[in-house]
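Visitor: Quick one, target-v6.txt (compact mmCIF, C-alpha atoms):
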# COMPACT_ATOMS: atom_id res chain seq x y z
CA MET A 232 0.00 0.00 0.00
CA ASP A 233 1.59 3.28 -1.12
CA TYR A 234 -0.70 5.53 0.89
CA LYS A 235 -1.82 5.99 4.49
CA PHE A 236 -5.28 6.62 5.80
CA GLU A 237 -6.40 8.33 8.97
CA VAL A 238 -9.75 7.47 10.54
CA CYS A 239 -11.80 10.20 12.21
CA LEU A 240 -13.68 8.96 15.30
CA GLU A 241 -14.90 9.90 18.77
CA ASN A 242 -14.79 6.96 21.17
CA ALA A 243 -12.52 4.23 22.50
CA GLU A 244 -14.40 1.35 20.84
CA SER A 245 -13.86 3.02 17.46
CA VAL A 246 -10.15 3.48 18.10
CA VAL A 247 -9.76 -0.23 18.84
CA ASN A 248 -11.78 -1.13 15.74
CA ALA A 249 -9.78 1.25 13.53
CA GLU A 250 -6.55 -0.36 14.69
CA LYS A 251 -7.91 -3.85 14.02
CA GLY A 252 -9.11 -2.74 10.60
CA GLY A 253 -5.64 -1.59 9.58
CA ALA A 254 -5.85 2.20 9.89
CA SER A 255 -2.54 4.07 9.77
CA ARG A 256 -3.61 6.61 12.39
CA VAL A 257 -6.74 7.97 14.08
CA GLU A 258 -7.99 11.49 14.62
CA LEU A 259 -9.64 11.52 18.05
CA CYS A 260 -12.40 14.07 18.58
CA SER A 261 -15.47 14.64 20.65
CA ASP A 262 -18.83 15.71 19.18
CA LEU A 263 -18.43 14.91 15.51
CA PHE A 264 -21.97 16.26 15.05
CA GLU A 265 -20.28 19.67 15.48
CA GLY A 266 -17.49 18.69 13.11
CA GLY A 267 -15.17 17.50 15.89
CA LEU A 268 -14.18 19.16 19.16
CA THR A 269 -11.38 18.56 21.69
CA PRO A 270 -11.59 15.09 23.30
CA SER A 271 -11.35 14.73 27.05
CA LEU A 272 -8.11 13.68 28.71
CA GLY A 273 -9.94 10.66 30.10
CA MET A 274 -10.96 9.58 26.61
CA LEU A 275 -7.42 10.05 25.30
CA ARG A 276 -5.84 8.03 28.10
CA THR A 277 -8.39 5.24 27.73
CA CYS A 278 -7.77 5.02 23.98
CA ARG A 279 -4.01 4.85 24.51
CA ARG A 280 -4.42 2.15 27.12
CA LEU A 281 -6.55 0.04 24.78
CA SER A 282 -4.51 0.47 21.59
CA ARG A 283 -1.07 1.22 20.19
CA ILE A 284 -2.16 3.17 17.11
CA ASP A 285 -0.90 6.73 16.57
CA ILE A 286 -3.43 9.29 17.81
CA SER A 287 -3.96 12.80 16.49
CA ALA A 288 -6.03 14.80 18.99
CA MET A 289 -8.35 17.58 17.89
CA VAL A 290 -7.85 20.97 19.55
CA ARG A 291 -11.07 22.88 18.92
CA PRO A 292 -12.83 24.46 21.91
CA ARG A 293 -16.24 24.92 20.26
CA GLY A 294 -18.18 24.45 17.06
CA GLY A 295 -18.79 27.20 14.55
CA ASP A 296 -16.15 29.40 12.96
CA PHE A 297 -12.37 29.37 13.46
CA CYS A 298 -11.86 32.93 14.70
CA TYR A 299 -11.39 32.63 18.44
CA THR A 300 -11.58 35.00 21.40
CA ASP A 301 -8.57 35.51 23.66
CA ASP A 302 -10.11 33.20 26.27
CA GLU A 303 -10.76 30.48 23.69
CA PHE A 304 -7.20 30.78 22.45
CA GLN A 305 -5.92 30.30 26.00
CA VAL A 306 -8.00 27.12 26.24
CA MET A 307 -6.41 25.85 23.01
CA LYS A 308 -2.91 26.54 24.32
CA GLU A 309 -3.63 24.64 27.53
CA ASP A 310 -5.02 21.68 25.57
CA VAL A 311 -1.96 21.58 23.31
CA LYS A 312 0.33 21.55 26.36
CA ILE A 313 -1.70 18.76 27.97
CA PHE A 314 -1.53 16.61 24.84
CA ARG A 315 2.20 17.28 24.50
CA GLU A 316 2.74 16.14 28.07
CA GLU A 317 0.75 12.99 27.25
CA GLY A 318 3.26 12.28 24.48
CA ILE A 319 0.78 11.63 21.68
CA PHE A 320 1.64 11.59 17.99
CA SER A 321 -0.07 14.74 16.77
CA VAL A 322 -2.45 17.61 17.42
CA VAL A 323 -4.99 19.04 14.98
CA PHE A 324 -6.06 22.69 14.97
CA GLY A 325 -6.66 25.74 12.80
CA ILE A 326 -7.18 29.44 13.49
CA LEU A 327 -8.30 32.03 10.92
CA THR A 328 -8.40 35.81 10.82
CA PRO A 329 -11.77 37.56 10.39
CA ASP A 330 -10.98 38.24 6.71
CA GLY A 331 -10.60 34.52 5.90
CA ARG A 332 -6.84 34.07 6.03
CA ILE A 333 -4.68 31.85 8.21
CA ASP A 334 -3.80 33.57 11.48
CA GLU A 335 -0.02 33.22 11.30
CA GLU A 336 0.75 34.63 14.73
CA ARG A 337 -1.64 32.46 16.73
CA ASN A 338 -1.02 29.28 14.75
CA ALA A 339 2.75 29.80 15.09
CA GLU A 340 2.34 30.02 18.86
CA LEU A 341 0.40 26.75 18.98
CA ILE A 342 2.92 25.04 16.70
CA GLU A 343 5.77 26.06 18.98
CA LEU A 344 3.90 24.74 22.01
CA ALA A 345 3.11 21.49 20.22
CA ARG A 346 6.60 20.37 19.27
CA PRO A 347 7.92 17.68 19.12
CA MET A 348 4.41 16.46 18.23
CA LYS A 349 3.34 16.55 14.60
CA VAL A 350 0.86 19.25 13.62
CA THR A 351 -2.13 18.96 11.28
CA PHE A 352 -4.04 22.04 10.14
CA HIS A 353 -7.67 20.95 9.84
CA ARG A 354 -10.50 21.94 7.51
CA ALA A 355 -10.44 25.54 8.66
CA PHE A 356 -8.26 25.57 5.54
CA ASP A 357 -11.43 25.11 3.47
CA MET A 358 -12.87 28.33 4.87
CA THR A 359 -9.96 30.46 3.64
CA ARG A 360 -10.04 32.84 0.68
CA ASP A 361 -7.34 31.26 -1.46
CA ALA A 362 -6.11 27.66 -1.42
CA GLU A 363 -2.63 28.24 -2.82
CA GLU A 364 -1.94 31.25 -0.64
CA SER A 365 -3.08 29.33 2.43
CA LEU A 366 -0.95 26.32 1.54
CA GLU A 367 2.17 28.46 1.23
CA THR A 368 1.39 30.03 4.61
CA LEU A 369 1.21 26.60 6.24
CA ILE A 370 4.46 25.57 4.59
CA ARG A 371 6.09 28.72 5.93
CA LEU A 372 4.77 27.83 9.41
CA LYS A 373 6.26 24.32 9.03
CA VAL A 374 2.94 22.53 9.50
CA ASP A 375 3.28 18.79 8.81
CA ARG A 376 -0.03 18.16 7.03
CA VAL A 377 -3.25 19.87 6.04
CA LEU A 378 -6.68 18.23 5.98
CA THR A 379 -8.78 19.65 3.17
CA SER A 380 -11.61 19.00 0.74
CA GLY A 381 -10.20 21.50 -1.74
CA LEU A 382 -12.33 24.43 -0.50
CA GLU A 383 -15.48 22.54 -1.49
CA PRO A 384 -18.13 20.59 0.50
CA SER A 385 -16.56 17.26 -0.46
CA VAL A 386 -13.37 15.81 -1.93
CA LEU A 387 -15.16 14.82 -5.13
CA GLU A 388 -16.20 18.43 -5.72
CA GLY A 389 -12.77 19.75 -4.80
CA MET A 390 -10.80 17.16 -6.74
CA PHE A 391 -9.25 19.55 -9.28
CA THR A 392 -8.00 21.88 -6.54
CA LEU A 393 -6.76 18.97 -4.42
CA LYS A 394 -4.74 17.49 -7.27
CA LYS A 395 -3.16 20.90 -7.86
CA LEU A 396 -2.39 21.36 -4.14
CA VAL A 397 -0.71 17.94 -3.99
CA GLU A 398 1.48 18.90 -6.93
CA ILE A 399 2.37 22.32 -5.48
CA ALA A 400 3.09 20.85 -2.04
CA GLY A 401 5.55 18.23 -3.24
CA ASP A 402 7.52 17.04 -0.21
CA ARG A 403 7.09 20.32 1.67
CA ILE A 404 3.80 19.42 3.38
CA ILE A 405 1.35 16.51 3.26
CA VAL A 406 -1.98 17.39 1.64
CA MET A 407 -4.53 14.96 3.12
CA PRO A 408 -7.91 14.91 1.30
CA GLY A 409 -10.91 14.41 3.56
CA ALA A 410 -14.73 14.86 3.52
CA GLY A 411 -17.10 12.56 1.71
CA ILE A 412 -14.61 9.75 1.05
CA ASN A 413 -16.14 6.27 1.29
CA HIS A 414 -15.23 2.77 0.15
CA ARG A 415 -17.26 3.23 -3.06
CA ASN A 416 -15.42 6.32 -4.29
CA PHE A 417 -12.03 5.91 -2.62
CA ARG A 418 -10.24 4.18 -5.50
CA TYR A 419 -11.40 6.85 -7.96
CA ILE A 420 -10.30 9.63 -5.59
CA ARG A 421 -6.95 8.01 -4.85
CA ASP A 422 -6.15 7.36 -8.50
CA ASN A 423 -7.06 10.90 -9.58
CA ILE A 424 -5.56 12.97 -6.75
CA GLY A 425 -2.44 10.94 -5.96
CA ALA A 426 -2.11 12.05 -2.34
CA LYS A 427 0.04 10.19 0.19
CA GLU A 428 -2.61 10.23 2.95
CA TYR A 429 -6.42 10.23 3.14
CA HIS A 430 -8.88 11.06 5.92
CA VAL A 431 -11.98 8.84 6.23
CA HIS A 432 -14.93 8.45 8.57
CA PRO A 433 -16.53 5.00 8.25
CA THR A 434 -19.39 4.68 10.75
CA TYR A 435 -22.46 2.69 11.61
CA ARG A 436 -25.29 3.38 14.02
CA LYS A 437 -26.19 0.97 16.76
CA GLU A 438 -29.12 1.03 19.08
CA SER A 439 -28.87 2.29 22.64
CA LYS A 440 -29.33 -0.22 25.48
CA MET A 441 -32.00 1.99 27.02
CA ILE A 442 -35.40 0.32 27.35
CA TYR A 443 -37.17 3.18 29.08
CA ARG A 444 -37.27 6.05 26.57
CA PRO A 445 -39.25 9.16 27.51
CA GLY A 446 -40.03 10.80 24.17
CA HIS A 447 -40.63 14.35 25.38
CA ILE A 448 -37.19 15.14 26.87
CA PHE A 449 -34.13 16.04 24.79
CA MET A 450 -30.58 16.91 25.78
CA GLY A 451 -29.87 19.25 22.86
CA GLY A 452 -31.46 21.87 20.63
CA THR A 453 -34.19 21.51 18.06
CA LEU A 454 -31.79 20.12 15.43
CA ARG A 455 -30.81 16.88 17.09
CA GLN A 456 -29.78 13.31 16.67
CA SER A 457 -31.73 10.55 18.36
CA GLU A 458 -30.73 10.06 21.97
CA TYR A 459 -30.87 6.31 21.31
CA ALA A 460 -28.73 5.94 18.19
CA LEU A 461 -25.02 5.59 18.99
CA THR A 462 -22.28 6.07 16.39
CA SER A 463 -19.24 3.83 16.14
CA THR A 464 -16.53 2.86 13.63
CA PRO A 465 -16.68 -0.80 12.51
CA VAL A 466 -13.61 -2.98 11.89
CA ASP A 467 -14.79 -4.03 8.43
CA GLY A 468 -15.62 -0.43 7.53
CA VAL A 469 -11.95 0.46 8.00
CA ALA A 470 -10.58 -2.71 6.42
CA ARG A 471 -12.40 -2.03 3.15
CA TYR A 472 -9.98 0.79 2.37
CA LEU A 473 -7.09 -1.67 2.46
CA GLU A 474 -8.79 -3.94 -0.05
CA LEU A 475 -9.13 -1.28 -2.77
Using structure tokens, write down the structure from this file.

Guide:
Amino acid sequence: MDYKFEVCLENAESVVNAEKGGASRVELCSDLFEGGLTPSLGMLRTCRRLSRIDISAMVRPRGGDFCYTDDEFQVMKEDVKIFREEGIFSVVFGILTPDGRIDEERNAELIELARPMKVTFHRAFDMTRDAEESLETLIRLKVDRVLTSGLEPSVLEGMFTLKKLVEIAGDRIIVMPGAGINHRNFRYIRDNIGAKEYHVHPTYRKESKMIYRPGHIFMGGTLRQSEYALTSTPVDGVARYLEL
């Protein structure tokens, strides 16, 4: 296999399954319904105890945009320091300026705090004004990899831009396509983009063990998932990417 693939997930069971399925690495988050937030230290330690796979931990204090207040930035710095002290493989973050460019000053500060861990700049990249300008900024900051869908909703839609970014990047940074990749379209995407790494999110829903289910009480807002449908990553869902 001449490529690696990272599996995005949010619980310990999924980490174990991703390792069994042959994943190269996992991106550990909480609340993937929000696009992925910072996982708890308890979750991280449990995942490391149950597996030996490399873990990239998300550092994102809230959902929404990627322009953070001073207090939110302080939270991100503390989380990066905690993950560094835990000795994990990598951290994943991204901060933008209000005008849609990469915030060089703040990202540089997080990168310095993170070392010797690897650093991935996440899909905040896809909310920037210009893909090539943003890529050169990340290269200048010495970021190790960037997760992107090519400034489009999915990798299939951003394929032309992604192929160009991979060519421009060369060996200076890893461009890792992610968003909308599944086992049905992966071979087509891989053969046309030619990236060294890919970011996937194979999941299935399983039923909650709860028998008593009051239907009038909800723990979230009006746009919600079922309280009784739990998301996990299956072993065979990961292994399919190795078979293609």

Visitor: Any idea what's packed within 12 Å of Thr368 of chain A, counting only C-alpha atoms, ignoring anything in its chain fewer than 2 positions away? Could you give it as a list in words?

Guide: Leu327, Arg332, Ile333, Asp334, Glu335, Glu336, Asn338, Ala339, Phe352, Phe356, Thr359, Asp361, Ala362, Glu363, Glu364, Ser365, Leu366, Ile370, Arg371, Leu372, Lys373, Val374, Val377, Ala400, Arg403 and Ile404 of chain A

Visitor: Using only C-alpha atoms, find the one residue out of A:Arg436, A:Arg421, A:His353, A:Arg337 that sits nearest to Leu378 of chain A.

Guide: A:His353

Visitor: Excluding Ser282 of chain A and its own-chain neighbours fewer than 5 positions away, which residues fall within 9 Å of it when counting all atoms listed in the file? Please give them as a ChimeraX atom specification.

Guide: /A:243,246-247,250,277

Visitor: With only C-alpha atoms counted and 12 Å as the cut-off, give the residues of segment 340-446 of chain A in contact with segment 267-270 of chain A, each with its shortest interatomic distance in Å and the pair that gives it, as a tab-separated table.

Guide:
residue	atom	partner	partner_atom	distance
A:His353	CA	A:Gly267	CA	10.2
A:Arg354	CA	A:Gly267	CA	10.6
A:Ala355	CA	A:Gly267	CA	11.8
A:His432	CA	A:Gly267	CA	11.6

Visitor: Give me, please, the distance in Å between atom CA of Gly266 of chain A and atom CA of Ser321 of chain A, quoted to one decimal.

Guide: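 We find that atom CA of Gly266 of chain A and atom CA of Ser321 of chain A lie 18.2 Å from each other.
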
Visitor: So how many Å separate atom CA of Ala410 of chain A and atom CA of Phe264 of chain A, to one decimal?

Guide: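 Calculated distance between atom CA of Ala410 of chain A and atom CA of Phe264 of chain A is 13.7 Å.
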
Visitor: What separation in Å, quoted to one decimal, exists between atom CA of Glu343 of chain A and atom CA of Val311 of chain A?

Guide: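 Separation of atom CA of Glu343 of chain A and atom CA of Val311 of chain A: 9.9 Å.
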
Visitor: Please list as a PyMOL selection string every residue within 12 Å of Arg471 of chain A, counting only C-alpha atoms and excluding residues in the same chain fewer than 3 positions away.

Guide: chain A and resi 236+249+251-254+413-418+431+433+465-468+474-475

Visitor: I want to know what sits within 12 Å of Met274 of chain A, based on all atoms listed in the file, with residues of the same chain fewer than 3 positions away left out; could you give that as a tab-separated table (two decimals) with C-alpha atoms, in the coordinates of the input?

Guide:
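As written to disk, around.tsv reads:
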chain	number	residue	atom	x	y	z
A	240	LEU	CA	-13.68	8.96	15.30
A	241	GLU	CA	-14.90	9.90	18.77
A	242	ASN	CA	-14.79	6.96	21.17
A	243	ALA	CA	-12.52	4.23	22.50
A	244	GLU	CA	-14.40	1.35	20.84
A	245	SER	CA	-13.86	3.02	17.46
A	246	VAL	CA	-10.15	3.48	18.10
A	259	LEU	CA	-9.64	11.52	18.05
A	260	CYS	CA	-12.40	14.07	18.58
A	261	SER	CA	-15.47	14.64	20.65
A	269	THR	CA	-11.38	18.56	21.69
A	270	PRO	CA	-11.59	15.09	23.30
A	271	SER	CA	-11.35	14.73	27.05
A	277	THR	CA	-8.39	5.24	27.73
A	278	CYS	CA	-7.77	5.02	23.98
A	279	ARG	CA	-4.01	4.85	24.51
A	280	ARG	CA	-4.42	2.15	27.12
A	281	LEU	CA	-6.55	0.04	24.78
A	286	ILE	CA	-3.43	9.29	17.81
A	288	ALA	CA	-6.03	14.80	18.99
A	314	PHE	CA	-1.53	16.61	24.84

Visitor: Determine the nearest neighbour of Gly389 of chain A from the options A:Asp375, A:Asp402, A:Asp357, A:Glu317, counting all atoms listed in the file.

Guide: A:Asp357

Visitor: Which one is closest to Val306 of chain A: A:Asn248, A:Asp330, A:Leu341, A:Val257? Count all atoms listed in the file.

Guide: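 The answer is A:Leu341, which sits nearest to Val306 of chain A.
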
Visitor: Under the rule that all atoms listed in the file are counted, which of A:Lys395, A:His430, A:Arg276, A:Arg293 is the nearest residue to Thr351 of chain A?

Guide: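 Using all atoms listed in the file, Thr351 of chain A sits closest to A:His430.
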
Visitor: Considering only C-alpha atoms, can you say which of A:Gly318, A:Asp296, A:Glu237, A:Arg346 comes closest to Met358 of chain A?

Guide: A:Asp296
